[in-house]
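I have placed the structure first, in the form of structure tokens, so that the comments after it can refer back to it.
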Amino acid sequence: MINTKKQNNLMFIIVILMGGFLSSLTETLLNNAIPAIMREVHVSQTSAQWLNTGYILVVGIMMPLSAYFLNRFRLKPLFITTMVIFLFGTLISVMSSTFTFLLLGRLVQAISVGISMSLTQSLMMLIFPIDKRGSAMGLSSIVIILGPAIGPTLSGWIVDQYSWQMLFIILIPISIIIIILSMIFVRNITQPTGDKLDWKSLALSSLGFGILLYGFSSIGNTGSVDLSSLVMVVVGIIFVILFVIRQLKMEKPMLEMKVFKSISFTKTTILAALSSIALLGVELILPLYVQNVRGVSALDSGLIMLPGAIISPIAGRLFDRHGIKGLAIIGFGILTLASVPMIWFDHTTSVVLISTLYAIRMLGLGLVMMQLNTSGVNALPAKYLVHGNTVASTFRQVASSLGSALLVTVSTMTAKLSANGHSVTLANTATGYQWTFMVVTGFSLLCFLMAFTLRNKTAAEITG
């Protein structure tokens, strides 16, 4: 006899993960389409880059609100609403005849993604008991890693074969399917608290994270640090500090900062942020290297990265049985060892070697990325679970933006320095990427060393 309850639970989880995958896929889906969009709608690269920069801004602004939404509204209508918003943004982009409407559609998508990215992880934590969370977050890691990794590959193939509009068209049936399935299988497993939104916190959060992410994105787009971008970063940091101070003083904050009283949560959040830089930073830099230095097409550069993307994380059950410390040491050890040879990548490096090392790096990251988050949240009391996930997600988003800006800046500046005042050659460009991979290796080594300080098993370390 078929167990209907188990089937419904499985479908509930599948629908939640489908929503998370759609969000993570959209993050990098336009990476290879920017040149085609520039030609068709007649905009400069600076303007076109807003399709990514503006997207990052809105996601970063919405993320701190996800804990409030999950506590304030019932899960089923909340999840369906986020998917409907995503579909609405996609339709705007498909039907847009001008860059302004295309950008508007992309920003509407980002509103949904900013909520659903951390919502997915929080729900996986809520659905599974503490001794099964490692396996649950192992499933989530497939979403987190696979989506951004296959985005450029899919984008390159679609743009080569069809048009950039097709990138949005394919999202329409997927969104509709998720909405229909969510109406059937998503359940209200959370209990709304009726919290009211603190508008001052919202203003400080939006200004702080928005300006900070914009500053980082500006640095990443130009590959240099100018006065205006530096001022924006400083101003953004000031607003974020004011936001944090206000949260610490409030009885019911929009985002609970007391989670950082847990030493284990703080360590794992820092490591997860550094891991995110190691993941998304290389996903940004490696395609640039293989296209600009190795002369590989956009589609082929995506295919080079695909073997790393399809290695499913196997660490969930190991984490549930043995804890985080050993996994982190092994995972970051693999990551560091695979990153070191990248320092010597040049215009003659075999694409097979590039793809193999990238796949090995992804295996190392797959062992630790979501398990770090699980270990950190396990160190919090149940009432802080959603806030802990939201804080960690926001922290990773800011770190990813900062890391990407840093890596692009290092690449551009070292290439110019190696040219010594002359025109930048292919060799100079390769030198820039080598220095970038050196920085990535440094981050990986730092993570490896920090892994030795982790607690193997964590339990609630704070009471309130």
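Numbering starts fresh at 1 for the residues of each chain in the structure tokens, the chains themselves are lettered A, B, ... in the order given, and ligands are numbered from 1 as they appear.
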So which residues of range 114-252 of chain A fall under helix (DSSP H, G or I) by DSSP, listed as a PyMOL selection string? chain A and resi 114-127+130-161+165-169+171-185+199-222+227-249
Prev. selection, C-alpha atoms, output as a CSV table (one decimal), in the first residue's frame:
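File written: out04.csv
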chain,number,residue,atom,x,y,z
A,114,GLY,CA,15.7,37.7,-2.2
A,115,ILE,CA,12.9,36.1,-0.1
A,116,SER,CA,13.0,32.6,-1.6
A,117,MET,CA,16.7,31.9,-1.4
A,118,SER,CA,16.9,32.0,2.4
A,119,LEU,CA,13.3,30.8,2.7
A,120,THR,CA,14.3,27.5,1.1
A,121,GLN,CA,17.0,26.8,3.6
A,122,SER,CA,14.9,27.9,6.6
A,123,LEU,CA,12.1,25.5,5.5
A,124,MET,CA,14.5,22.6,5.1
A,125,MET,CA,15.7,23.2,8.6
A,126,LEU,CA,12.1,23.4,9.9
A,127,ILE,CA,10.9,20.2,8.1
A,130,ILE,CA,18.1,18.1,14.1
A,131,ASP,CA,19.7,14.7,13.5
A,132,LYS,CA,18.6,14.7,9.8
A,133,ARG,CA,19.4,18.3,8.9
A,134,GLY,CA,22.7,17.4,7.4
A,135,SER,CA,21.1,15.2,4.8
A,136,ALA,CA,18.4,17.8,4.2
A,137,MET,CA,20.9,20.6,3.6
A,138,GLY,CA,22.9,18.2,1.4
A,139,LEU,CA,19.8,18.3,-0.9
A,140,SER,CA,19.8,22.1,-0.6
A,141,SER,CA,23.4,22.3,-1.6
A,142,ILE,CA,22.6,20.7,-5.0
A,143,VAL,CA,20.3,23.7,-5.5
A,144,ILE,CA,22.9,26.3,-4.2
A,145,ILE,CA,25.8,24.9,-6.3
A,146,LEU,CA,24.1,23.6,-9.4
A,147,GLY,CA,21.9,26.6,-10.2
A,148,PRO,CA,24.7,29.3,-10.5
A,149,ALA,CA,27.0,26.8,-12.1
A,150,ILE,CA,24.8,25.7,-15.1
A,151,GLY,CA,23.4,29.2,-15.6
A,152,PRO,CA,26.3,30.4,-17.8
A,153,THR,CA,26.3,27.1,-19.8
A,154,LEU,CA,22.6,27.3,-20.4
A,155,SER,CA,22.8,31.0,-21.2
A,156,GLY,CA,25.7,30.5,-23.7
A,157,TRP,CA,23.9,27.7,-25.6
A,158,ILE,CA,20.5,29.5,-25.7
A,159,VAL,CA,22.0,32.8,-26.9
A,160,ASP,CA,24.1,31.0,-29.6
A,161,GLN,CA,21.0,29.1,-30.8
A,165,GLN,CA,14.5,36.6,-24.8
A,166,MET,CA,14.5,32.8,-24.8
A,167,LEU,CA,16.3,32.9,-21.4
A,168,PHE,CA,13.2,34.4,-19.9
A,169,ILE,CA,10.7,32.4,-22.0
A,171,LEU,CA,11.4,30.3,-17.1
A,172,ILE,CA,7.7,30.8,-17.7
A,173,PRO,CA,6.5,27.2,-17.8
A,174,ILE,CA,8.9,26.2,-15.0
A,175,SER,CA,7.4,29.0,-12.8
A,176,ILE,CA,3.8,28.0,-13.7
A,177,ILE,CA,4.5,24.4,-12.8
A,178,ILE,CA,6.0,25.3,-9.4
A,179,ILE,CA,3.0,27.6,-8.7
A,180,ILE,CA,0.5,24.8,-9.5
A,181,LEU,CA,2.5,22.2,-7.5
A,182,SER,CA,2.8,24.6,-4.5
A,183,MET,CA,-1.0,25.0,-4.5
A,184,ILE,CA,-1.3,21.3,-4.1
A,185,PHE,CA,1.6,20.2,-1.9
A,199,TRP,CA,10.0,50.8,9.2
A,200,LYS,CA,13.1,52.4,10.6
A,201,SER,CA,14.8,49.0,10.5
A,202,LEU,CA,13.7,48.5,7.0
A,203,ALA,CA,15.0,51.9,5.9
A,204,LEU,CA,18.4,51.4,7.6
A,205,SER,CA,18.6,47.8,6.2
A,206,SER,CA,17.7,48.9,2.7
A,207,LEU,CA,20.1,51.8,2.6
A,208,GLY,CA,22.9,49.9,4.3
A,209,PHE,CA,22.9,46.7,2.3
A,210,GLY,CA,21.8,48.5,-0.9
A,211,ILE,CA,24.6,51.1,-0.9
A,212,LEU,CA,27.1,48.6,0.3
A,213,LEU,CA,26.3,46.1,-2.4
A,214,TYR,CA,26.2,48.9,-5.0
A,215,GLY,CA,29.7,50.1,-3.9
A,216,PHE,CA,31.1,46.5,-4.2
A,217,SER,CA,29.4,46.0,-7.6
A,218,SER,CA,30.8,49.3,-8.9
A,219,ILE,CA,34.3,48.2,-7.9
A,220,GLY,CA,33.7,44.8,-9.6
A,221,ASN,CA,32.3,46.4,-12.8
A,222,THR,CA,35.2,48.8,-13.3
A,227,LEU,CA,36.5,57.8,-4.6
A,228,SER,CA,32.8,57.4,-5.3
A,229,SER,CA,32.7,53.6,-4.9
A,230,LEU,CA,34.9,53.9,-1.8
A,231,VAL,CA,32.5,56.5,-0.3
A,232,MET,CA,29.5,54.3,-1.0
A,233,VAL,CA,31.1,51.3,0.7
A,234,VAL,CA,31.9,53.4,3.8
A,235,VAL,CA,28.4,55.0,3.9
A,236,GLY,CA,26.8,51.5,3.4
A,237,ILE,CA,28.9,50.2,6.4
A,238,ILE,CA,27.7,53.1,8.6
A,239,PHE,CA,24.0,52.4,7.8
A,240,VAL,CA,24.6,48.6,8.4
A,241,ILE,CA,26.1,49.4,11.8
A,242,LEU,CA,23.2,51.6,12.7
A,243,PHE,CA,20.8,48.8,11.6
A,244,VAL,CA,22.6,46.3,13.8
A,245,ILE,CA,22.6,48.7,16.8
A,246,ARG,CA,18.9,49.2,16.4
A,247,GLN,CA,18.2,45.4,16.2
A,248,LEU,CA,20.2,44.8,19.4
A,249,LYS,CA,18.1,47.4,21.3
Find the distance between CA of Thr190 in chain A and CA of Asn71 in chain A and write it in Å to one decimal.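 Those two atoms sit 7.5 Å apart.
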What separation in Å, quoted to one decimal, exists between CA of Val440 in chain A and CA of Tyr289 in chain A? 14.1 Å
Among the residues A:Val290, A:Met450, A:Gly323, A:Thr374, the one that comes closest to Thr348 in chain A [using only C-alpha atoms]: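 Smallest separation from Thr348 in chain A among the options: A:Val290.
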Which residue, A:Leu407, A:Met11, A:Ile61, A:Ala328, has the smallest gap to Phe437 in chain A when you use only C-alpha atoms? A:Leu407
Looking at only C-alpha atoms, which of A:Ala430, A:Ile14, A:Leu75, A:Leu335 is the one that sits closest to Tyr358 in chain A? A:Leu335
Considering only C-alpha atoms, state which residue in the set A:Thr425, A:Thr269, A:Ser297, A:Asn9 is at the smallest distance from Leu454 in chain A. A:Thr269
Would you mind telling me which residue in A:Gly432, A:Ile304, A:Phe101, A:Gly281 lies nearest to Ala399 in chain A when using only C-alpha atoms? A:Gly281
Let me make sure I understand: among A:Ser96, A:Gln371, A:Gln397, A:Asn389, which one has the smallest atom-to-atom distance to Met257 in chain A if we use only C-alpha atoms? A:Asn389
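Pairwise distance (CA of Met342 in chain A, CA of Ser418 in chain A) equals 18.4 Å.
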